[in-house]
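Chemist: Input structure: input06.cif, which contains mmCIF, C-alpha atoms and all ligand atoms.
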data_my_file
loop_
_atom_site.group_PDB
_atom_site.id
_atom_site.type_symbol
_atom_site.label_atom_id
_atom_site.label_comp_id
_atom_site.auth_asym_id
_atom_site.auth_seq_id
_atom_site.Cartn_x
_atom_site.Cartn_y
_atom_site.Cartn_z
ATOM 1 C CA MET A 1 0.000 0.000 0.000
ATOM 2 C CA ASN A 2 1.618 3.289 -1.140
ATOM 3 C CA HIS A 3 -1.482 5.467 -0.730
ATOM 4 C CA LEU A 4 -4.920 4.995 0.831
ATOM 5 C CA LEU A 5 -7.354 6.919 -1.356
ATOM 6 C CA ASP A 6 -10.417 4.660 -1.362
ATOM 7 C CA ILE A 7 -11.076 1.105 -0.327
ATOM 8 C CA ASP A 8 -11.050 -0.191 -3.943
ATOM 9 C CA GLY A 9 -7.526 -1.611 -3.700
ATOM 10 C CA LEU A 10 -8.032 -3.315 -0.334
ATOM 11 C CA THR A 11 -8.402 -7.079 -0.024
ATOM 12 C CA GLU A 12 -9.968 -8.984 2.877
ATOM 13 C CA GLN A 13 -6.490 -10.227 3.773
ATOM 14 C CA GLY A 14 -5.154 -6.644 3.777
ATOM 15 C CA VAL A 15 -8.025 -5.440 5.966
ATOM 16 C CA LEU A 16 -7.481 -8.309 8.422
ATOM 17 C CA LYS A 17 -3.767 -7.467 8.587
ATOM 18 C CA LEU A 18 -4.582 -3.857 9.524
ATOM 19 C CA CYS A 19 -7.169 -5.010 12.107
ATOM 20 C CA GLU A 20 -4.687 -7.401 13.686
ATOM 21 C CA GLN A 21 -2.010 -4.693 13.894
ATOM 22 C CA ALA A 22 -4.539 -2.201 15.303
ATOM 23 C CA LYS A 23 -5.522 -4.780 17.941
ATOM 24 C CA ARG A 24 -1.858 -5.192 18.930
ATOM 25 C CA TRP A 25 -1.403 -1.424 19.272
ATOM 26 C CA LYS A 26 -4.594 -1.273 21.351
ATOM 27 C CA GLY A 27 -3.254 -4.087 23.538
ATOM 28 C CA GLY A 28 -0.159 -2.056 24.343
ATOM 29 C CA GLU A 29 2.424 -3.361 21.868
ATOM 30 C CA ALA A 30 5.305 -0.890 21.639
ATOM 31 C CA PRO A 31 5.866 0.691 18.226
ATOM 32 C CA PRO A 32 9.230 0.219 16.489
ATOM 33 C CA THR A 33 11.910 2.884 16.624
ATOM 34 C CA MET A 34 12.512 4.892 13.467
ATOM 35 C CA LYS A 35 15.882 5.261 11.754
ATOM 36 C CA GLU A 36 15.019 8.787 10.624
ATOM 37 C CA PRO A 37 12.356 11.320 11.652
ATOM 38 C CA VAL A 38 8.956 10.737 10.026
ATOM 39 C CA PHE A 39 6.802 13.766 9.216
ATOM 40 C CA VAL A 40 3.027 13.494 8.835
ATOM 41 C CA GLY A 41 1.345 16.481 7.156
ATOM 42 C CA GLN A 42 -2.217 17.327 8.163
ATOM 43 C CA LEU A 43 -3.869 19.241 5.301
ATOM 44 C CA PHE A 44 -7.565 19.679 6.037
ATOM 45 C CA PHE A 45 -9.580 21.969 3.755
ATOM 46 C CA GLU A 46 -12.890 20.956 5.378
ATOM 47 C CA PRO A 47 -13.718 20.867 9.106
ATOM 48 C CA SER A 48 -12.714 17.805 11.123
ATOM 49 C CA THR A 49 -12.379 16.799 14.757
ATOM 50 C CA ARG A 50 -12.022 12.982 14.869
ATOM 51 C CA THR A 51 -10.008 12.302 11.722
ATOM 52 C CA ARG A 52 -7.509 15.110 12.284
ATOM 53 C CA VAL A 53 -7.041 14.620 16.034
ATOM 54 C CA SER A 54 -6.953 10.828 15.978
ATOM 55 C CA PHE A 55 -4.358 10.860 13.174
ATOM 56 C CA GLU A 56 -2.323 13.290 15.275
ATOM 57 C CA ALA A 57 -2.617 10.977 18.309
ATOM 58 C CA ALA A 58 -1.731 7.968 16.128
ATOM 59 C CA ALA A 59 1.324 9.707 14.660
ATOM 60 C CA LYS A 60 2.556 10.804 18.083
ATOM 61 C CA ARG A 61 2.092 7.302 19.542
ATOM 62 C CA LEU A 62 4.315 6.029 16.707
ATOM 63 C CA GLY A 63 6.961 8.668 17.450
ATOM 64 C CA TYR A 64 6.253 10.615 14.225
ATOM 65 C CA GLN A 65 6.261 14.422 13.941
ATOM 66 C CA VAL A 66 3.093 16.249 12.866
ATOM 67 C CA LEU A 67 3.064 19.245 10.493
ATOM 68 C CA THR A 68 -0.331 20.982 10.461
ATOM 69 C CA LEU A 69 -1.672 23.335 7.804
ATOM 70 C CA HIS A 70 -3.942 25.963 9.378
ATOM 71 C CA GLU A 71 -5.867 26.818 6.263
ATOM 72 C CA GLY A 72 -7.264 30.160 7.475
ATOM 73 C CA THR A 73 -3.793 31.581 8.181
ATOM 74 C CA SER A 74 -1.924 29.735 5.414
ATOM 75 C CA SER A 75 -0.766 31.062 2.049
ATOM 76 C CA THR A 76 -3.797 29.436 0.403
ATOM 77 C CA GLN A 77 -5.418 32.742 1.487
ATOM 78 C CA LYS A 78 -2.935 34.505 -0.835
ATOM 79 C CA GLY A 79 -3.978 32.388 -3.808
ATOM 80 C CA GLU A 80 -1.548 29.472 -3.531
ATOM 81 C CA SER A 81 -3.007 26.439 -5.284
ATOM 82 C CA LEU A 82 -3.749 23.081 -3.669
ATOM 83 C CA ALA A 83 -1.003 21.423 -5.734
ATOM 84 C CA ASP A 84 1.606 24.022 -4.735
ATOM 85 C CA THR A 85 0.575 23.796 -1.074
ATOM 86 C CA VAL A 86 1.107 20.036 -1.183
ATOM 87 C CA LYS A 87 4.429 20.443 -3.047
ATOM 88 C CA THR A 88 5.530 22.842 -0.288
ATOM 89 C CA PHE A 89 4.874 20.232 2.415
ATOM 90 C CA GLU A 90 6.689 17.676 0.254
ATOM 91 C CA ALA A 91 9.723 19.973 -0.116
ATOM 92 C CA ILE A 92 9.777 20.527 3.658
ATOM 93 C CA GLY A 93 10.056 16.762 4.166
ATOM 94 C CA MET A 94 6.546 15.329 4.580
ATOM 95 C CA ASN A 95 6.532 11.499 4.387
ATOM 96 C CA ILE A 96 2.765 10.986 4.700
ATOM 97 C CA ALA A 97 -0.050 13.455 3.940
ATOM 98 C CA ILE A 98 -3.451 13.203 5.591
ATOM 99 C CA MET A 99 -5.821 15.307 3.477
ATOM 100 C CA ARG A 100 -9.472 16.286 3.353
ATOM 101 C CA HIS A 101 -11.032 18.422 0.635
ATOM 102 C CA SER A 102 -14.540 19.101 -0.659
ATOM 103 C CA THR A 103 -13.543 18.182 -4.247
ATOM 104 C CA THR A 104 -14.047 14.532 -5.145
ATOM 105 C CA ARG A 105 -10.700 12.919 -6.132
ATOM 106 C CA TYR A 106 -8.826 16.160 -5.332
ATOM 107 C CA TRP A 107 -5.513 14.241 -5.547
ATOM 108 C CA GLU A 108 -5.675 13.841 -9.328
ATOM 109 C CA GLU A 109 -3.993 17.232 -9.839
ATOM 110 C CA PHE A 110 -0.822 16.424 -7.864
ATOM 111 C CA LEU A 111 -0.336 12.759 -6.964
ATOM 112 C CA ASP A 112 1.360 11.338 -10.081
ATOM 113 C CA ASP A 113 4.963 12.167 -9.175
ATOM 114 C CA ALA A 114 4.577 12.455 -5.386
ATOM 115 C CA SER A 115 7.380 11.166 -3.157
ATOM 116 C CA PHE A 116 5.053 10.891 -0.113
ATOM 117 C CA SER A 117 2.146 8.589 0.738
ATOM 118 C CA LEU A 118 -1.335 10.104 0.704
ATOM 119 C CA VAL A 119 -4.143 9.104 3.060
ATOM 120 C CA ASN A 120 -7.524 10.428 1.982
ATOM 121 C CA GLY A 121 -9.268 11.812 5.061
ATOM 122 C CA GLY A 122 -12.396 12.497 2.993
ATOM 123 C CA ASP A 123 -13.074 13.881 -0.513
ATOM 124 C CA GLY A 124 -16.472 15.532 -0.848
ATOM 125 C CA SER A 125 -19.160 12.841 -0.963
ATOM 126 C CA GLY A 126 -16.594 10.428 -2.439
ATOM 127 C CA ALA A 127 -14.695 8.253 0.031
ATOM 128 C CA HIS A 128 -13.578 8.057 3.667
ATOM 129 C CA PRO A 129 -11.466 4.894 3.765
ATOM 130 C CA THR A 130 -9.952 5.297 7.241
ATOM 131 C CA GLN A 131 -13.443 5.763 8.750
ATOM 132 C CA SER A 132 -14.548 2.621 6.999
ATOM 133 C CA LEU A 133 -11.542 0.619 8.217
ATOM 134 C CA LEU A 134 -12.098 1.635 11.832
ATOM 135 C CA ASP A 135 -15.801 0.853 11.429
ATOM 136 C CA VAL A 136 -15.292 -2.647 10.030
ATOM 137 C CA TRP A 137 -12.717 -3.373 12.747
ATOM 138 C CA THR A 138 -15.236 -2.248 15.417
ATOM 139 C CA MET A 139 -17.817 -4.626 13.868
ATOM 140 C CA HIS A 140 -15.259 -7.454 13.796
ATOM 141 C CA GLU A 141 -14.360 -6.846 17.463
ATOM 142 C CA GLU A 142 -18.057 -7.180 18.289
ATOM 143 C CA PHE A 143 -19.104 -10.123 16.121
ATOM 144 C CA GLY A 144 -15.829 -11.868 15.162
ATOM 145 C CA ALA A 145 -16.641 -11.986 11.432
ATOM 146 C CA TRP A 146 -18.086 -9.949 8.574
ATOM 147 C CA LYS A 147 -19.558 -12.766 6.549
ATOM 148 C CA ASP A 148 -23.375 -12.653 6.650
ATOM 149 C CA LEU A 149 -23.374 -9.773 9.146
ATOM 150 C CA ARG A 150 -26.457 -7.634 8.442
ATOM 151 C CA VAL A 151 -25.546 -3.957 8.368
ATOM 152 C CA ALA A 152 -28.299 -1.346 7.977
ATOM 153 C CA ILE A 153 -27.221 2.152 6.926
ATOM 154 C CA ILE A 154 -29.950 4.713 7.589
ATOM 155 C CA GLY A 155 -30.370 8.414 6.813
ATOM 156 C CA ASP A 156 -28.668 10.735 4.320
ATOM 157 C CA ILE A 157 -26.785 8.075 2.371
ATOM 158 C CA ALA A 158 -26.306 9.983 -0.891
ATOM 159 C CA HIS A 159 -24.066 12.711 0.532
ATOM 160 C CA ASN A 160 -22.091 10.585 2.985
ATOM 161 C CA ARG A 161 -18.602 9.387 2.045
ATOM 162 C CA ALA A 162 -18.405 7.017 5.050
ATOM 163 C CA ALA A 163 -21.600 5.311 3.835
ATOM 164 C CA ARG A 164 -20.129 4.932 0.339
ATOM 165 C CA SER A 165 -16.815 3.463 1.598
ATOM 166 C CA ASN A 166 -18.569 1.199 4.102
ATOM 167 C CA ALA A 167 -21.034 -0.144 1.560
ATOM 168 C CA LYS A 168 -18.203 -1.028 -0.843
ATOM 169 C CA LEU A 169 -15.948 -2.532 1.804
ATOM 170 C CA LEU A 170 -18.605 -4.458 3.719
ATOM 171 C CA GLN A 171 -19.949 -6.019 0.525
ATOM 172 C CA LYS A 172 -16.392 -7.087 -0.334
ATOM 173 C CA LEU A 173 -16.055 -8.620 3.162
ATOM 174 C CA GLY A 174 -19.246 -10.674 2.781
ATOM 175 C CA ALA A 175 -21.713 -8.625 4.854
ATOM 176 C CA THR A 176 -25.336 -8.139 3.787
ATOM 177 C CA MET A 177 -26.205 -4.474 3.351
ATOM 178 C CA THR A 178 -29.608 -2.825 3.638
ATOM 179 C CA PHE A 179 -30.322 0.887 3.254
ATOM 180 C CA SER A 180 -33.112 3.160 4.368
ATOM 181 C CA ALA A 181 -33.003 6.768 3.199
ATOM 182 C CA PRO A 182 -35.214 9.739 2.328
ATOM 183 C CA ASP A 183 -35.513 10.425 -1.410
ATOM 184 C CA TRP A 184 -33.375 13.595 -1.104
ATOM 185 C CA GLY A 185 -30.632 11.505 0.554
ATOM 186 C CA TRP A 186 -30.783 8.461 -1.714
ATOM 187 C CA ASP A 187 -28.467 7.442 -4.556
ATOM 188 C CA GLU A 188 -29.506 4.537 -6.792
ATOM 189 C CA GLY A 189 -25.815 3.620 -7.097
ATOM 190 C CA PHE A 190 -26.068 1.993 -3.642
ATOM 191 C CA LEU A 191 -28.295 -0.741 -5.090
ATOM 192 C CA GLN A 192 -25.125 -2.474 -6.349
ATOM 193 C CA TYR A 193 -24.213 -3.072 -2.675
ATOM 194 C CA GLY A 194 -27.585 -4.016 -1.155
ATOM 195 C CA GLU A 195 -31.342 -3.452 -0.922
ATOM 196 C CA ARG A 196 -33.226 -0.258 -0.081
ATOM 197 C CA ILE A 197 -35.960 -1.215 2.374
ATOM 198 C CA GLU A 198 -38.415 0.413 4.741
ATOM 199 C CA LEU A 199 -36.940 1.905 7.943
ATOM 200 C CA HIS A 200 -38.633 -0.335 10.548
ATOM 201 C CA GLU A 201 -37.793 -3.464 8.570
ATOM 202 C CA THR A 202 -34.129 -2.578 8.100
ATOM 203 C CA VAL A 203 -33.659 -1.638 11.767
ATOM 204 C CA SER A 204 -35.396 -4.743 13.141
ATOM 205 C CA SER A 205 -33.442 -7.183 10.962
ATOM 206 C CA ALA A 206 -29.920 -5.737 11.392
ATOM 207 C CA ASP A 207 -26.940 -6.716 13.529
ATOM 208 C CA VAL A 208 -25.540 -3.199 13.092
ATOM 209 C CA VAL A 209 -27.634 -0.048 12.684
ATOM 210 C CA TYR A 210 -25.343 2.632 11.222
ATOM 211 C CA CYS A 211 -26.850 6.135 11.482
ATOM 212 C CA LEU A 212 -25.821 9.151 9.406
ATOM 213 C CA ARG A 213 -25.920 12.912 9.893
ATOM 214 C CA ASN A 214 -27.958 14.959 7.393
ATOM 215 C CA GLN A 215 -25.215 16.631 5.336
ATOM 216 C CA TRP A 216 -27.083 19.854 4.574
ATOM 217 C CA GLU A 217 -23.801 21.503 3.500
ATOM 218 C CA ARG A 218 -23.878 19.266 0.379
ATOM 219 C CA VAL A 219 -27.590 19.757 -0.435
ATOM 220 C CA GLU A 220 -28.831 22.524 -2.733
ATOM 221 C CA ASP A 221 -31.577 24.514 -0.966
ATOM 222 C CA PRO A 222 -31.933 22.303 2.144
ATOM 223 C CA THR A 223 -34.910 24.392 3.356
ATOM 224 C CA ARG A 224 -37.034 22.308 0.934
ATOM 225 C CA TYR A 225 -36.487 19.272 3.165
ATOM 226 C CA GLN A 226 -36.935 20.795 6.650
ATOM 227 C CA ALA A 227 -40.106 18.771 7.276
ATOM 228 C CA GLU A 228 -38.160 15.547 6.660
ATOM 229 C CA THR A 229 -35.205 16.381 8.924
ATOM 230 C CA ARG A 230 -36.077 13.826 11.626
ATOM 231 C CA THR A 231 -37.886 11.207 9.500
ATOM 232 C CA PHE A 232 -34.954 8.772 9.710
ATOM 233 C CA CYS A 233 -34.108 9.466 13.361
ATOM 234 C CA LEU A 234 -33.163 6.410 15.436
ATOM 235 C CA THR A 235 -35.521 7.025 18.348
ATOM 236 C CA GLU A 236 -35.725 4.831 21.434
ATOM 237 C CA ALA A 237 -39.098 3.559 20.195
ATOM 238 C CA LEU A 238 -37.533 2.509 16.883
ATOM 239 C CA ALA A 239 -34.467 1.033 18.598
ATOM 240 C CA ASN A 240 -36.773 -1.142 20.721
ATOM 241 C CA LYS A 241 -37.457 -3.066 17.505
ATOM 242 C CA MET A 242 -33.759 -3.982 17.154
ATOM 243 C CA GLN A 243 -32.572 -7.533 17.826
ATOM 244 C CA PRO A 244 -31.275 -7.966 21.421
ATOM 245 C CA HIS A 245 -27.640 -8.319 20.315
ATOM 246 C CA ALA A 246 -27.705 -5.513 17.721
ATOM 247 C CA ILE A 247 -25.488 -2.449 18.076
ATOM 248 C CA VAL A 248 -25.680 1.196 16.988
ATOM 249 C CA MET A 249 -22.861 2.973 15.151
ATOM 250 C CA HIS A 250 -22.394 6.460 13.658
ATOM 251 C CA PRO A 251 -19.297 8.005 12.027
ATOM 252 C CA ALA A 252 -20.008 11.337 13.821
ATOM 253 C CA PRO A 253 -20.204 14.278 14.192
ATOM 254 C CA ILE A 254 -23.622 13.619 15.699
ATOM 255 C CA ASN A 255 -26.578 15.984 15.724
ATOM 256 C CA ARG A 256 -28.324 14.658 18.837
ATOM 257 C CA GLY A 257 -32.092 14.598 18.482
ATOM 258 C CA VAL A 258 -31.916 14.885 14.685
ATOM 259 C CA GLU A 259 -30.695 11.609 13.108
ATOM 260 C CA ILE A 260 -30.370 9.821 16.472
ATOM 261 C CA GLU A 261 -32.094 10.409 19.801
ATOM 262 C CA SER A 262 -29.623 11.620 22.417
ATOM 263 C CA SER A 263 -30.320 8.690 24.772
ATOM 264 C CA MET A 264 -29.381 6.247 21.984
ATOM 265 C CA VAL A 265 -25.944 7.870 21.594
ATOM 266 C CA ASP A 266 -25.168 6.992 25.221
ATOM 267 C CA SER A 267 -27.096 3.709 25.345
ATOM 268 C CA GLU A 268 -25.649 0.236 25.954
ATOM 269 C CA ARG A 269 -26.157 -0.529 22.283
ATOM 270 C CA SER A 270 -24.004 2.387 21.184
ATOM 271 C CA ARG A 271 -20.443 1.770 19.957
ATOM 272 C CA ILE A 272 -20.017 5.375 18.803
ATOM 273 C CA PHE A 273 -17.284 6.353 21.265
ATOM 274 C CA GLN A 274 -15.656 2.937 20.817
ATOM 275 C CA GLN A 275 -15.400 3.753 17.090
ATOM 276 C CA MET A 276 -13.532 6.965 17.983
ATOM 277 C CA LYS A 277 -11.174 5.133 20.347
ATOM 278 C CA ASN A 278 -10.514 2.415 17.756
ATOM 279 C CA GLY A 279 -9.828 5.119 15.186
ATOM 280 C CA VAL A 280 -6.515 5.984 16.852
ATOM 281 C CA PHE A 281 -5.223 2.384 16.715
ATOM 282 C CA MET A 282 -6.477 1.713 13.190
ATOM 283 C CA ARG A 283 -4.819 4.950 12.035
ATOM 284 C CA MET A 284 -1.579 3.859 13.731
ATOM 285 C CA ALA A 285 -1.799 0.617 11.737
ATOM 286 C CA ILE A 286 -2.365 2.566 8.494
ATOM 287 C CA LEU A 287 0.547 4.968 9.094
ATOM 288 C CA HIS A 288 2.829 2.072 10.066
ATOM 289 C CA GLU A 289 1.871 0.087 6.957
ATOM 290 C CA LEU A 290 2.598 3.082 4.702
ATOM 291 C CA MET A 291 5.986 3.722 6.334
ATOM 292 C CA THR A 292 6.881 0.031 6.127
ATOM 293 C CA ASN A 293 6.172 0.181 2.404
ATOM 294 C CA GLN A 294 8.388 3.244 2.081
ATOM 295 C CA SER A 295 11.059 0.806 3.491
ATOM 296 C CA LYS A 296 14.269 2.234 4.984
ATOM 297 C CA GLN A 297 12.448 3.964 7.865
ATOM 298 C CA VAL A 298 11.329 1.197 10.203
ATOM 299 C CA GLU A 299 13.576 -0.763 12.557
ATOM 300 C CA ASP A 300 12.488 -3.963 14.253
ATOM 301 C CA ALA A 301 13.622 -3.080 17.756
ATOM 302 C CA PRO A 302 10.813 -1.989 20.073
ATOM 303 C CA MET A 303 10.866 1.590 21.258
ATOM 304 C CA SER A 304 12.474 1.879 24.726
ATOM 305 C CA VAL A 305 9.975 4.132 26.461
HETATM 306 N N1 LIG B 1 -16.093 10.871 11.244
HETATM 307 C C1 LIG B 1 -15.352 11.937 10.895
HETATM 308 O O1 LIG B 1 -14.738 11.986 9.829
HETATM 309 O O2 LIG B 1 -15.350 12.924 11.828
HETATM 310 P P1 LIG B 1 -14.653 14.340 11.610
HETATM 311 O O3 LIG B 1 -15.393 15.046 10.496
HETATM 312 O O4 LIG B 1 -14.793 15.048 12.938
HETATM 313 O O5 LIG B 1 -13.222 14.098 11.235
#
Show me the file's structure as structure tokens.
Ligand code: CP

Modeler:
Amino acid sequence: MNHLLDIDGLTEQGVLKLCEQAKRWKGGEAPPTMKEPVFVGQLFFEPSTRTRVSFEAAAKRLGYQVLTLHEGTSSTQKGESLADTVKTFEAIGMNIAIMRHSTTRYWEEFLDDASFSLVNGGDGSGAHPTQSLLDVWTMHEEFGAWKDLRVAIIGDIAHNRAARSNAKLLQKLGATMTFSAPDWGWDEGFLQYGERIELHETVSSADVVYCLRNQWERVEDPTRYQAETRTFCLTEALANKMQPHAIVMHPAPINRGVEIESSMVDSERSRIFQQMKNGVFMRMAILHELMTNQSKQVEDAPMSV
């Protein structure tokens, strides 16, 4: 793996390898020492809390240095292009870039001759592969397998990159996908991954109910849909129809009381904060895998801290 842009290039074996490494980091395994300093660039052109901060925590746990672009005070404000901003980080010594941008496949304008590895932290409504990897690991921790797991994704599916990456990856891993979405938040392209079914049916038959925020920032004239804002909310009454063993997940950020009732966020079924915790260890595994593939940098000896 030289870059992680989408989940298209991932195999089940590759995903399992990352999950196993993430589990070892979570269990306290010491990271290897590095022969040379490793610099991770954080270039976020859209808001983020979890992805940015958990990558920073992951990098620091591995002994890497973090270089952060503060977009509002950077030279992008003076007209510097995305490609030149990235080339600047490359010239300064960045080994791995973590990037988020509102343009789908934003990397196409600069990645061809890059000397660094790129991790896509989200491109518009396109892909969010690291979210998907931490999600499938959280499901595997819970159920021990993906094959035949029933995963229901509910809410604004069309505009959500985590939904798109999860649908692709979970289908590849053998899970059965169902979707329930309002018309304004539905994309027929998801039918290649699973069925679109009625909300109560999808929730009551699932092992995992995966809720999504309404991404109004990607909808033209969202005021047209105000009346439908809470139609796909996972209320306690709806959650009572879930199977006893079923769990609730959400990529977050959460709008409590909109797509999920506040009590469900903190309920025993919820794995939402577990997803965030797992995100650090999965992102350590991703960074480590990329540096291993850049060779030369990693030593076998455990870090003496
Ligand atoms: N899930 C996720 O990507 O969260 P952030 O937008 O806070 O990074």

Chemist: Applying the PyMOL selection byres (((not hetatm)) within 7 of (chain B and resi 1)) to the file I just gave you, which residues come out? Please list them as a PDB file with C-alpha atoms, in the frame of the given file.

Modeler:
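Output below, filename out.pdb:
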ATOM      1  CA  PRO A  47     -13.718  20.867   9.106  1.00  0.00           C
ATOM      2  CA  SER A  48     -12.714  17.805  11.123  1.00  0.00           C
ATOM      3  CA  THR A  49     -12.379  16.799  14.757  1.00  0.00           C
ATOM      4  CA  ARG A  50     -12.022  12.982  14.869  1.00  0.00           C
ATOM      5  CA  THR A  51     -10.008  12.302  11.722  1.00  0.00           C
ATOM      6  CA  ARG A  52      -7.509  15.110  12.284  1.00  0.00           C
ATOM      7  CA  GLN A 131     -13.443   5.763   8.750  1.00  0.00           C
ATOM      8  CA  PRO A 251     -19.297   8.005  12.027  1.00  0.00           C
ATOM      9  CA  ALA A 252     -20.008  11.337  13.821  1.00  0.00           C
ATOM     10  CA  PRO A 253     -20.204  14.278  14.192  1.00  0.00           C
TER      11      PRO A 253
END

Chemist: Kindly resolve the PyMOL selection byres (((chain A and resi 195) around 12) and not hetatm) on the present coordinates and return the residues as a list in words.

Modeler: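 Selected by the PyMOL selection byres (((chain A and resi 195) around 12) and not hetatm) in this file: Arg150, Val151, Ala152, Ile153, Ile154, Ala167, Gln171, Thr176, Met177, Thr178, Phe179, Ser180, Ala181, Trp186, Asp187, Glu188, Gly189, Phe190, Leu191, Gln192, Tyr193, Gly194, Arg196, Ile197, Glu198, Leu199, Glu201 and Thr202 of chain A.
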
Chemist: Would you please work out which residue, of A:Asp135, A:Glu90, A:Glu20, A:Glu29, is nearest to A:Leu118 when using only C-alpha atoms?

Modeler: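 Among the listed residues, A:Glu90 lies closest to A:Leu118.
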
Chemist: To test your reading of the syntax: which residues would the PyMOL selection byres (((chain A and resi 216) around 10) and not hetatm) return for the file shown? Reply as a list in words.

Modeler: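 Listing what the PyMOL selection byres (((chain A and resi 216) around 10) and not hetatm) selects in the shown file: Asp156, His159, Gly185, Arg213, Asn214, Gln215, Glu217, Arg218, Val219, Glu220, Asp221, Pro222, Thr223, Tyr225 and Thr229 of chain A.
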
Chemist: Identify which of the residues A:Ala158, A:Leu62, A:Ile7, A:Ala57 lies closest to A:Asn120, counting only C-alpha atoms when measuring atom-to-atom distances.

Modeler: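 For A:Asn120, the nearest of the given residues is A:Ile7.
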
Chemist: Interatomic distance between atom CA of A:Leu212 and atom CA of A:Gly155?

Modeler: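 Result for atom CA of A:Leu212 versus atom CA of A:Gly155: 5.3 Å, one decimal.
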
Chemist: Would you work out the distance separating atom CA of A:Ala97 from atom CA of A:Ser125, expressed in Å to one decimal?

Modeler: 19.7 Å
